[in-house]
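What follows is the content of entry_23.txt, which has compact mmCIF, C-alpha atoms:
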# COMPACT_ATOMS: atom_id res chain seq x y z
CA MET A 43 -48.85 36.47 63.44
CA ARG A 44 -52.32 35.84 61.95
CA ARG A 45 -52.85 33.23 59.23
CA ASP A 46 -49.14 33.14 58.42
CA VAL A 47 -49.17 36.75 57.22
CA VAL A 48 -46.80 39.40 58.57
CA SER A 49 -48.88 42.13 60.21
CA ARG A 50 -47.61 45.61 61.04
CA GLU A 51 -47.35 44.51 64.66
CA ASP A 52 -45.23 41.51 63.62
CA LEU A 53 -42.96 43.79 61.62
CA GLU A 54 -42.52 46.26 64.46
CA ARG A 55 -41.63 43.44 66.86
CA GLU A 56 -38.88 42.25 64.53
CA LEU A 57 -37.62 45.80 63.96
CA ARG A 58 -37.32 46.35 67.70
CA ALA A 59 -35.17 43.24 67.88
CA ILE A 60 -33.01 44.60 65.06
CA GLU A 61 -32.56 47.91 66.86
CA ALA A 62 -31.35 46.07 69.95
CA LEU A 63 -28.71 44.20 67.90
CA ALA A 64 -27.62 47.03 65.59
CA PRO A 65 -23.99 48.15 65.98
CA GLY A 66 -25.03 51.82 65.80
CA GLN A 67 -27.23 54.43 64.15
CA ILE A 68 -24.68 55.31 61.46
CA GLU A 69 -23.45 51.74 61.01
CA GLY A 70 -26.97 50.51 60.35
CA VAL A 71 -28.34 47.01 60.74
CA PHE A 72 -25.11 45.11 60.04
CA GLY A 73 -22.14 47.48 60.13
CA PRO A 74 -18.88 47.65 58.14
CA THR A 75 -17.22 44.75 59.97
CA SER A 76 -20.04 42.33 59.11
CA LEU A 77 -19.77 39.56 56.57
CA THR A 78 -22.98 40.87 55.02
CA TRP A 79 -21.22 44.12 54.11
CA ARG A 80 -18.21 42.18 52.84
CA ILE A 81 -20.41 40.26 50.40
CA TYR A 82 -22.89 42.92 49.30
CA ARG A 83 -20.25 45.60 48.67
CA GLU A 84 -18.85 43.57 45.77
CA ALA A 85 -20.07 44.18 42.21
CA ALA A 86 -20.04 40.40 41.77
CA ILE A 87 -23.47 40.12 43.38
CA PHE A 88 -25.02 41.78 40.32
CA LEU A 89 -24.18 38.58 38.44
CA GLY A 90 -26.74 36.75 40.52
CA ALA A 91 -29.71 39.03 39.78
CA GLY A 92 -31.20 36.77 37.12
CA ARG A 93 -30.79 33.67 39.26
CA ALA A 94 -32.45 35.30 42.25
CA LEU A 95 -35.42 36.44 40.18
CA LEU A 96 -35.93 33.04 38.56
CA LEU A 97 -35.78 31.35 41.95
CA GLN A 98 -38.31 33.83 43.34
CA LEU A 99 -40.66 33.02 40.46
CA ALA A 100 -40.45 29.34 41.44
CA HIS A 101 -42.77 30.12 44.36
CA PRO A 102 -46.33 30.23 42.97
CA TYR A 103 -47.45 33.03 45.30
CA VAL A 104 -44.50 35.20 44.29
CA ALA A 105 -44.99 34.43 40.60
CA ALA A 106 -48.71 35.29 40.76
CA ALA A 107 -48.06 38.53 42.63
CA ILE A 108 -45.42 39.59 40.12
CA ALA A 109 -47.60 38.68 37.13
CA GLU A 110 -50.68 40.48 38.45
CA HIS A 111 -49.26 43.42 40.41
CA SER A 112 -45.88 44.23 38.89
CA ARG A 113 -44.22 45.31 35.64
CA THR A 114 -41.30 42.97 36.27
CA LEU A 115 -41.89 40.75 33.24
CA ALA A 116 -42.23 43.79 30.97
CA ASP A 117 -39.41 45.72 32.63
CA PRO A 118 -36.91 43.31 34.22
CA ILE A 119 -34.17 45.97 34.26
CA GLY A 120 -36.46 48.25 36.27
CA ARG A 121 -37.08 45.40 38.69
CA PHE A 122 -33.31 44.89 38.93
CA HIS A 123 -32.74 48.54 39.88
CA ARG A 124 -35.62 48.64 42.37
CA THR A 125 -34.57 45.42 44.07
CA PHE A 126 -30.96 46.48 44.52
CA SER A 127 -31.96 49.98 45.63
CA ILE A 128 -34.09 48.54 48.42
CA THR A 129 -31.56 45.84 49.30
CA PHE A 130 -28.67 48.28 49.53
CA THR A 131 -30.70 50.61 51.74
CA LEU A 132 -31.51 47.72 54.07
CA VAL A 133 -27.89 46.56 54.16
CA PHE A 134 -25.84 49.77 53.95
CA GLY A 135 -28.25 52.49 55.07
CA THR A 136 -28.24 54.07 58.50
CA LEU A 137 -30.45 52.35 61.03
CA ASP A 138 -33.24 54.88 60.48
CA GLN A 139 -33.00 54.53 56.69
CA ALA A 140 -33.11 50.73 56.85
CA LEU A 141 -36.08 50.62 59.22
CA ARG A 142 -37.93 53.22 57.16
CA ALA A 143 -37.33 51.20 53.99
CA ALA A 144 -38.56 48.03 55.74
CA ARG A 145 -41.78 49.76 56.82
CA HIS A 146 -42.34 51.20 53.35
CA LEU A 147 -41.84 47.79 51.73
CA HIS A 148 -44.28 46.17 54.13
CA GLN A 149 -46.86 48.86 53.41
CA ARG A 150 -46.52 48.33 49.66
CA HIS A 151 -46.80 44.57 50.08
CA SER A 152 -49.96 44.96 52.18
CA ALA A 153 -51.89 46.07 49.10
CA ILE A 154 -50.81 43.06 47.02
CA GLN A 155 -53.10 40.04 47.19
CA GLY A 156 -55.14 37.79 44.93
CA VAL A 157 -55.85 34.16 44.07
CA LEU A 158 -53.81 31.64 42.11
CA PRO A 159 -55.27 31.39 38.60
CA LYS A 160 -54.32 27.72 38.25
CA SER A 161 -52.87 24.86 40.25
CA VAL A 162 -49.11 24.62 40.53
CA GLY A 163 -47.93 21.39 42.14
CA PRO A 164 -49.48 21.24 45.62
CA PHE A 165 -50.62 24.88 45.39
CA ALA A 166 -54.30 24.70 44.41
CA ALA A 167 -56.05 27.02 41.95
CA GLY A 168 -58.04 29.64 43.81
CA ALA A 169 -55.67 29.65 46.80
CA HIS A 170 -55.47 33.11 48.31
CA TYR A 171 -52.04 34.76 48.32
CA GLN A 172 -50.70 37.93 49.92
CA ALA A 173 -47.32 39.55 49.36
CA ASN A 174 -46.77 39.59 53.13
CA ASP A 175 -47.26 35.82 53.35
CA VAL A 176 -44.57 34.50 55.70
CA ALA A 177 -43.57 31.53 53.54
CA ALA A 178 -43.31 33.66 50.39
CA LEU A 179 -41.27 36.36 52.15
CA ARG A 180 -38.99 33.75 53.65
CA TRP A 181 -38.49 32.29 50.19
CA VAL A 182 -37.56 35.68 48.69
CA TYR A 183 -35.18 36.35 51.57
CA ALA A 184 -33.50 32.96 51.03
CA THR A 185 -33.02 33.52 47.28
CA LEU A 186 -31.31 36.86 47.94
CA VAL A 187 -29.06 35.59 50.73
CA GLU A 188 -28.01 32.40 48.93
CA THR A 189 -27.50 34.05 45.56
CA ALA A 190 -25.34 36.86 46.95
CA LEU A 191 -23.01 34.35 48.59
CA MET A 192 -22.88 32.14 45.50
CA ALA A 193 -22.02 35.09 43.22
CA HIS A 194 -19.36 36.28 45.67
CA ASP A 195 -17.70 32.88 45.86
CA LEU A 196 -17.72 32.40 42.08
CA VAL A 197 -15.67 35.56 41.49
CA LEU A 198 -13.76 36.19 44.71
CA PRO A 199 -11.96 33.88 47.14
CA ALA A 200 -14.62 31.64 48.64
CA MET A 201 -15.58 32.17 52.22
CA ALA A 202 -14.43 29.62 54.76
CA ALA A 203 -16.96 27.34 56.39
CA ARG A 204 -16.94 29.34 59.63
CA GLU A 205 -17.47 32.59 57.73
CA ARG A 206 -20.39 31.11 55.85
CA GLU A 207 -21.96 30.02 59.12
CA LEU A 208 -21.60 33.53 60.53
CA TYR A 209 -23.04 35.02 57.35
CA TYR A 210 -26.12 32.81 57.59
CA ALA A 211 -26.49 33.81 61.24
CA GLU A 212 -26.33 37.50 60.27
CA SER A 213 -28.92 36.88 57.58
CA ARG A 214 -31.55 36.40 60.28
CA ARG A 215 -31.55 40.19 60.62
CA PHE A 216 -32.20 40.49 56.89
CA ALA A 217 -35.24 38.23 57.26
CA ALA A 218 -36.41 40.31 60.21
CA LEU A 219 -36.45 43.41 57.98
CA PHE A 220 -39.29 41.67 56.11
CA GLY A 221 -40.99 40.99 59.44
CA VAL A 222 -40.17 37.29 59.19
CA PRO A 223 -39.07 35.53 62.39
CA PRO A 224 -36.06 33.22 62.09
CA LEU A 225 -36.39 29.51 61.58
CA HIS A 226 -36.14 27.64 64.84
CA SER A 227 -33.04 25.75 63.79
CA ARG A 228 -29.64 27.43 63.95
CA PRO A 229 -28.57 28.44 60.41
CA THR A 230 -25.37 26.43 60.02
CA GLY A 231 -25.72 25.79 56.29
CA PRO A 232 -27.48 26.93 53.12
CA VAL A 233 -30.93 28.29 53.95
CA LEU A 234 -32.58 27.82 50.56
CA PRO A 235 -33.02 24.00 50.64
CA ARG A 236 -34.39 24.11 54.20
CA ILE A 237 -36.85 26.88 53.36
CA ALA A 238 -37.95 25.11 50.17
CA ARG A 239 -38.84 22.04 52.21
CA ARG A 240 -40.62 24.20 54.78
CA CYS A 241 -42.67 26.00 52.11
CA VAL A 242 -43.90 22.74 50.63
CA SER A 243 -44.62 21.17 54.03
CA ARG A 244 -46.87 24.10 55.00
CA VAL A 245 -49.11 23.79 51.94
CA ARG A 246 -52.62 22.70 52.80
CA LEU A 247 -53.78 20.24 50.19
CA PRO A 248 -57.46 20.40 49.13
Rewrite the coordinates I just gave you, this time as structure tokens.
Amino acid sequence: MRRDVVSREDLERELRAIEALAPGQIEGVFGPTSLTWRIYREAAIFLGAGRALLLQLAHPYVAAAIAEHSRTLADPIGRFHRTFSITFTLVFGTLDQALRAARHLHQRHSAIQGVLPKSVGPFAAGAHYQANDVAALRWVYATLVETALMAHDLVLPAMAARERELYYAESRRFAALFGVPPLHSRPTGPVLPRIARRCVSRVRLP
């Protein structure tokens, strides 16, 4: 992985790992017995769309990329549909469909880059960003995983502690679909606070 950016080679390495763990070609990356399917099949997760987007915008690289390379702010409903279309393909698609969607998303992200127009906290103005930046991708992954579980537990019977732990463990495969390797620590609790701390700690101050 060069300069903390997911290359095509990085992505393919993670996808090979996914293929080795997948329950089957038809079952896809997770399979119908997974906790990931149990959460994402519920309409309740749509309630978290706004939260996930706002959290994603909290990362300066993500916010800059969306402002400069996307119609999200002008067409949030379109962003909603595109995000869930991709997410559902990654989660519920066949293995081939999920891997193809992951490669297509990486290719689209490869063309998105720029510089921060102004300083935001420890992120300095003029800092170069890329959509395939590992920290930014890990942040987006965390917002989706955490928000889906939160929305599920607000509407449906909350998952037990052991189930939550297993869900976070499964979510490593979701991160891998972005080409992002898992955090070294075992995911035994909410991933968003840990990743937030990691994002800030990796910032290089001027």
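You will find atom CA of Ile87 of chain A at 9.2 Å from atom CA of Val197 of chain A.
One distance worth recording is that between atom CA of Pro199 of chain A and atom CA of Ile128 of chain A, which is 26.6 Å.
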So what do you get for atom CA of Pro224 of chain A versus atom CA of Ala85 of chain A, distance-wise?
27.8 Å
Which residues are near Ser76 of chain A? Cut-off 12 Å, all atoms listed in the file, ignore same chain within fewer than 2 positions. Put them as an MDAnalysis selection string.
chainID A and resid 64:65 69:74 78:83 133:134 205:206 208:213 215
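When the distance limit is 9 Å and all atoms listed in the file are what count, the residues near Thr185 of chain A, minus those fewer than 3 positions from it on the same chain, are Arg93, Ala94, Leu95, Leu97, Gln98, Arg180, Trp181, Val182, Glu188, Thr189, Ala190, Val233 and Leu234 of chain A.
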Write a file of the selected residues as a PDB file, in the frame of the given file, keeping C-alpha atoms.
ATOM      1  CA  ARG A  93     -30.790  33.670  39.260  1.00  0.00           C
ATOM      2  CA  ALA A  94     -32.450  35.300  42.250  1.00  0.00           C
ATOM      3  CA  LEU A  95     -35.420  36.440  40.180  1.00  0.00           C
ATOM      4  CA  LEU A  97     -35.780  31.350  41.950  1.00  0.00           C
ATOM      5  CA  GLN A  98     -38.310  33.830  43.340  1.00  0.00           C
ATOM      6  CA  ARG A 180     -38.990  33.750  53.650  1.00  0.00           C
ATOM      7  CA  TRP A 181     -38.490  32.290  50.190  1.00  0.00           C
ATOM      8  CA  VAL A 182     -37.560  35.680  48.690  1.00  0.00           C
ATOM      9  CA  GLU A 188     -28.010  32.400  48.930  1.00  0.00           C
ATOM     10  CA  THR A 189     -27.500  34.050  45.560  1.00  0.00           C
ATOM     11  CA  ALA A 190     -25.340  36.860  46.950  1.00  0.00           C
ATOM     12  CA  VAL A 233     -30.930  28.290  53.950  1.00  0.00           C
ATOM     13  CA  LEU A 234     -32.580  27.820  50.560  1.00  0.00           C
TER      14      LEU A 234
END
Check the smallest atom-to-atom distance from each of A:Phe220, A:Tyr171, A:Phe122, A:Tyr103 to Arg55 of chain A using only C-alpha atoms, then report the winner.
A:Phe220
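For the residues A:Val47, A:Ala184, A:Leu53, A:Ala100, ranking by smallest atom-to-atom distance to Gln155 of chain A using all atoms listed in the file places A:Val47 first.
Minimum distance to Gly90 of chain A across A:Val104, A:Leu186, A:Ala203, A:Leu219 (counting all atoms listed in the file) occurs at A:Leu186.
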With distances taken over all atoms listed in the file, the candidate from A:Ala153, A:Glu84, A:Ala166, A:Ala177 nearest Phe130 of chain A is A:Glu84
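Among A:Ile60, A:Leu77, A:Gln172, A:Ile154, the residue with the shortest atom-to-atom distance to Glu207 of chain A, counting only C-alpha atoms, is A:Leu77.
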Counting all atoms listed in the file, find residues at most 10 Å from (-42.6, 49.7, 58.7) (file frame) and give them as a PyMOL selection string.
chain A and resi 49-54+57+140-150+219-221
